[in-house]
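Asks: I am sharing coords24.cif, which consists of mmCIF, C-alpha atoms:
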```cif
data_my_file
loop_
_atom_site.label_atom_id
_atom_site.label_comp_id
_atom_site.auth_asym_id
_atom_site.auth_seq_id
_atom_site.Cartn_x
_atom_site.Cartn_y
_atom_site.Cartn_z
CA MET S 1 57.44 30.90 -63.06
CA ILE S 2 56.27 29.52 -59.82
CA ASP S 3 58.55 27.16 -58.19
CA TRP S 4 56.15 24.50 -57.12
CA GLU S 5 58.71 22.75 -55.10
CA GLU S 6 59.17 25.80 -52.95
CA VAL S 7 55.39 26.19 -52.64
CA ILE S 8 55.08 22.56 -51.62
CA LYS S 9 57.96 23.01 -49.20
CA ALA S 10 56.34 26.13 -47.77
CA GLU S 11 53.00 24.41 -47.44
CA SER S 12 54.58 21.33 -46.01
CA THR S 13 56.57 23.49 -43.59
CA GLU S 14 53.32 25.17 -42.51
CA GLU S 15 51.62 21.81 -42.20
CA LEU S 16 54.63 20.45 -40.44
CA LYS S 17 54.51 23.33 -37.98
CA GLU S 18 50.80 22.78 -37.46
CA ILE S 19 51.34 19.05 -37.01
CA LYS S 20 54.18 19.71 -34.57
CA LEU S 21 51.98 22.18 -32.69
CA TRP S 22 49.10 19.70 -32.62
CA LEU S 23 51.44 16.91 -31.45
CA PHE S 24 52.83 19.18 -28.75
CA GLN S 25 49.33 20.13 -27.58
CA GLU S 26 48.21 16.52 -27.70
CA ASN S 27 51.30 15.49 -25.76
CA MET S 28 50.56 18.11 -23.12
CA ARG S 29 46.93 17.02 -22.89
CA LEU S 30 47.97 13.38 -22.50
CA GLU S 31 50.54 14.35 -19.86
CA GLN S 32 47.87 16.26 -17.96
CA GLU S 33 45.45 13.30 -18.19
CA ARG S 34 48.22 10.96 -17.05
CA THR S 35 48.85 13.21 -14.04
CA GLU S 36 45.14 13.33 -13.23
CA LEU S 37 44.91 9.54 -13.57
CA GLU S 38 47.96 9.11 -11.33
CA GLN S 39 46.35 11.38 -8.72
CA ALA S 40 43.06 9.48 -8.97
CA ARG S 41 44.96 6.20 -8.63
CA ASN S 42 46.83 7.46 -5.54
CA LYS S 43 43.57 8.72 -4.04
CA PHE S 44 41.95 5.36 -4.76
CA LEU S 45 44.88 3.51 -3.14
CA ASP S 46 44.67 5.78 -0.07
CA GLU S 47 40.94 5.16 0.22
CA ARG S 48 41.55 1.44 -0.21
CA VAL S 49 44.11 1.47 2.62
CA LYS S 50 41.71 3.43 4.84
CA LEU S 51 38.89 1.04 4.03
CA ARG S 52 41.10 -1.95 4.78
CA ASP S 53 42.12 -0.35 8.11
CA GLU S 54 38.47 0.29 8.96
CA LEU S 55 37.56 -3.29 8.07
CA ASP S 56 40.42 -4.59 10.20
CA GLU S 57 39.24 -2.43 13.11
CA LEU S 58 35.66 -3.64 12.67
CA ASN S 59 36.85 -7.25 12.52
CA ARG S 60 38.91 -6.73 15.67
CA ARG S 61 35.91 -5.21 17.47
CA THR S 62 33.68 -8.02 16.25
CA VAL S 63 36.11 -10.63 17.54
CA MET S 64 36.35 -8.83 20.90
CA GLU S 65 32.56 -8.50 21.16
CA ARG S 66 32.10 -12.18 20.33
CA LYS S 67 34.67 -13.10 22.95
CA ARG S 68 32.97 -10.85 25.51
CA LEU S 69 29.58 -12.30 24.62
CA LYS S 70 30.91 -15.82 24.96
CA GLU S 71 32.38 -14.98 28.38
CA GLU S 72 29.09 -13.40 29.46
CA ASN S 73 27.21 -16.50 28.30
CA LEU S 74 29.56 -18.73 30.29
CA PHE S 75 29.17 -16.48 33.33
CA PHE S 76 25.39 -16.52 32.93
CA GLU S 77 25.37 -20.32 32.64
CA LYS S 78 27.47 -20.59 35.81
CA LYS S 79 25.12 -18.24 37.65
CA MET S 80 22.13 -20.20 36.38
CA ALA S 81 23.67 -23.48 37.52
CA ILE S 82 24.35 -22.00 40.97
CA LEU S 83 20.76 -20.73 41.19
CA GLN S 84 19.34 -24.05 40.08
CA GLU S 85 21.49 -25.87 42.62
CA GLY S 86 20.36 -23.40 45.30
CA PHE S 87 16.71 -23.93 44.41
CA ARG S 88 17.19 -27.68 44.40
CA GLN S 89 18.84 -27.51 47.82
CA LEU S 90 16.05 -25.26 49.13
CA GLU S 91 13.44 -27.71 47.89
CA GLU S 92 15.25 -30.61 49.56
CA ASP S 93 15.55 -28.62 52.80
CA ARG S 94 11.87 -27.68 52.65
CA LYS S 95 10.85 -31.30 52.16
CA ARG S 96 13.15 -32.48 54.96
CA PHE S 97 11.90 -29.73 57.24
CA GLU S 98 8.27 -30.56 56.45
CA GLN S 99 8.93 -34.23 57.26
CA GLU S 100 10.58 -33.26 60.55
CA ARG S 101 7.69 -30.92 61.33
CA GLN S 102 5.14 -33.62 60.61
CA THR S 103 7.07 -36.06 62.78
CA LEU S 104 7.27 -33.58 65.65
CA LEU S 105 3.59 -32.68 65.32
CA LYS S 106 2.70 -36.37 65.27
CA GLU S 107 4.76 -36.96 68.42
CA ALA S 108 3.10 -33.99 70.09
CA ARG S 109 -0.39 -35.26 69.18
CA GLU S 110 0.47 -38.73 70.47
CA GLN S 111 1.72 -37.23 73.68
CA GLN S 112 -1.38 -35.07 74.12
CA SER S 113 -3.75 -37.93 73.35
CA GLY S 114 -2.35 -39.84 76.28
CA GLU S 115 -0.68 -42.61 74.34
CA GLN S 116 2.66 -41.74 75.95
CA GLU S 117 2.39 -40.49 79.53
CA PHE S 118 5.60 -39.41 81.11
CA GLY S 119 4.01 -37.32 83.79
CA GLU S 120 5.45 -33.94 84.49
CA GLY S 121 8.55 -34.50 82.35
CA SER S 122 6.62 -35.09 79.12
CA PHE S 123 7.76 -33.18 75.97
CA THR S 124 5.66 -31.15 73.56
CA ALA S 125 6.66 -30.52 69.95
CA VAL S 126 8.01 -27.08 70.86
CA GLN S 127 10.07 -28.51 73.70
CA LEU S 128 11.51 -30.99 71.23
CA LEU S 129 12.59 -28.07 69.04
CA PHE S 130 14.59 -26.69 71.96
CA ARG S 131 16.03 -30.09 72.89
CA GLY S 132 19.80 -30.04 73.45
CA VAL S 133 19.98 -26.34 74.30
CA ASN S 134 21.99 -25.98 77.48
CA ASN S 135 23.33 -22.40 77.55
CA PRO S 136 21.93 -18.89 76.95
CA LEU S 137 23.84 -18.33 73.71
CA ALA S 138 22.60 -21.59 72.18
CA LEU S 139 19.07 -20.74 73.38
CA ARG S 140 19.10 -17.37 71.59
CA LYS S 141 20.53 -18.91 68.42
CA ARG S 142 17.98 -21.73 68.38
CA TYR S 143 15.14 -19.24 69.01
CA ARG S 144 16.25 -16.98 66.13
CA ASP S 145 16.59 -19.93 63.77
CA LEU S 146 13.16 -21.29 64.68
CA ILE S 147 11.47 -17.91 64.35
CA LYS S 148 13.05 -17.43 60.91
CA ILE S 149 11.56 -20.74 59.86
CA PHE S 150 8.11 -20.61 61.51
CA HIS S 151 7.33 -16.88 61.36
CA PRO S 152 3.80 -16.38 59.95
CA ASP S 153 5.10 -14.02 57.24
CA ASN S 154 7.19 -16.83 55.74
CA LEU S 155 5.84 -19.00 52.95
CA PHE S 156 5.39 -22.06 55.17
CA GLY S 157 5.17 -20.14 58.45
CA ASP S 158 2.83 -21.15 61.24
CA GLY S 159 1.52 -18.44 63.58
CA GLU S 160 0.38 -20.87 66.28
CA LEU S 161 3.70 -22.67 66.34
CA ALA S 162 5.57 -19.34 66.35
CA GLY S 163 3.55 -18.30 69.41
CA GLN S 164 4.39 -21.57 71.17
CA ILE S 165 8.07 -21.06 70.30
CA ASN S 166 7.94 -17.56 71.84
CA LYS S 167 6.35 -18.91 75.04
CA GLU S 168 8.91 -21.70 75.31
CA TYR S 169 11.77 -19.26 74.69
CA LEU S 170 10.51 -16.87 77.39
CA LYS S 171 10.04 -19.79 79.80
CA ARG S 172 13.55 -21.08 79.16
CA LYS S 173 14.95 -17.56 79.35
CA GLN S 174 13.42 -17.23 82.84
CA GLU S 175 14.92 -20.61 83.77
CA GLU S 176 18.24 -19.33 82.37
CA ARG S 177 18.77 -17.37 85.56
CA PHE S 178 18.98 -20.62 87.46
CA TRP S 179 21.53 -22.31 85.16
#
```
Reformat the file's structure so that it appears as structure tokens.
Replies:
Amino acid sequence: MIDWEEVIKAESTEELKEIKLWLFQENMRLEQERTELEQARNKFLDERVKLRDELDELNRRTVMERKRLKEENLFFEKKMAILQEGFRQLEEDRKRFEQERQTLLKEAREQQSGEQEFGEGSFTAVQLLFRGVNNPLALRKRYRDLIKIFHPDNLFGDGELAGQINKEYLKRKQEERFW
């Protein structure tokens, strides 16, 4: 007779071996997946660290660029203020100079019209421009300054007045020998 218990034992031993084999294979597969997941996690963490470092570097550059831009803006504003002050000063000087010029021209016209006769010692507008010059160095300096102002190529230059200044300078330069 067949011993069913032994058959069941044999079948259960075979099944048990198959189950053990399957469990072993499943365990190995899970271990391999765990290893792959661990590697993926480590790779992810490395990438995260790199990304964080890159973001920190970009933030640092951004802060530096903003600081540089702010400094450049301040520098530009200072330059602009200096330029505006210079233009304001030039405008004031131009107005003052124009007033002085008009006054001198008015005095010269009055003198020429005969309202003020001083005889041979009378002054023209150009002579007034050279008033107070008493040595050759001061004469040259005054001449250069006047020519810079009245040269016809300048914005408010006057060719006629520049010619009169040249004549007066040459006359005074000739008189310079007798100083």
Asks: Of the candidates S:Arg131, S:Arg144, S:Arg101, S:Arg52, which shows the shortest atom-to-atom distance to Asp158 of chain S, using only C-alpha atoms?
Replies: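 Smallest distance to Asp158 of chain S is found for S:Arg101.
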Asks: Report, in Å to a single decimal, how far apart atom CA of Lys148 of chain S and atom CA of Ile82 of chain S are.
Replies: 23.4 Å
Asks: For Gln164 of chain S, please output as a list of chain:residue names all residues within 12 Å (counting all atoms listed in the file; exclusion window: fewer than 2 positions along the same chain).
Replies: S:Thr124, S:Ala125, S:Val126, S:Gln127, S:Leu128, S:Leu129, S:Phe130, S:Tyr143, S:Leu146, S:Ile147, S:Phe150, S:His151, S:Asp158, S:Gly159, S:Glu160, S:Leu161, S:Ala162, S:Asn166, S:Lys167, S:Glu168, S:Tyr169, S:Leu170, S:Lys171
Asks: Just how far from atom CA of Glu47 of chain S is atom CA of Glu65 of chain S, in Å to one decimal?
Replies: 26.4 Å
Asks: Looking at all atoms listed in the file, which of S:Asn134, S:Lys106, S:Asp145, S:Arg41 is the one that sits closest to Glu175 of chain S?
Replies: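 So, comparing all the options, the nearest one is S:Asn134.
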Asks: For atom CA of Glu11 of chain S and atom CA of Leu30 of chain S, quote the distance in Å rounded to one decimal.
Replies: 27.7 Å
Asks: Box in all listed atoms of segment 19-35 of chain S, axis-aligned, with 3 Å more on each side; write out centre and edge lengths in Å to one decimal as JSON.
Replies:
```
{"center_x": 49.8, "center_y": 16.6, "center_z": -25.5, "size_x": 14.7, "size_y": 17.2, "size_z": 29.0}
```
Asks: Which residue is closest to Ile165 of chain S? Choose from S:Leu21, S:Leu90, S:Leu139, S:Met28 and count all atoms listed in the file.
Replies: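 Smallest separation from Ile165 of chain S among the options: S:Leu139.
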Asks: Please determine, counting only C-alpha atoms, which residue among S:Leu45, S:Gln89, S:Arg140, S:Asp153 has the shortest atom-to-atom distance to Arg172 of chain S.
Replies: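 Of the candidates, the smallest distance to Arg172 of chain S is held by S:Arg140.
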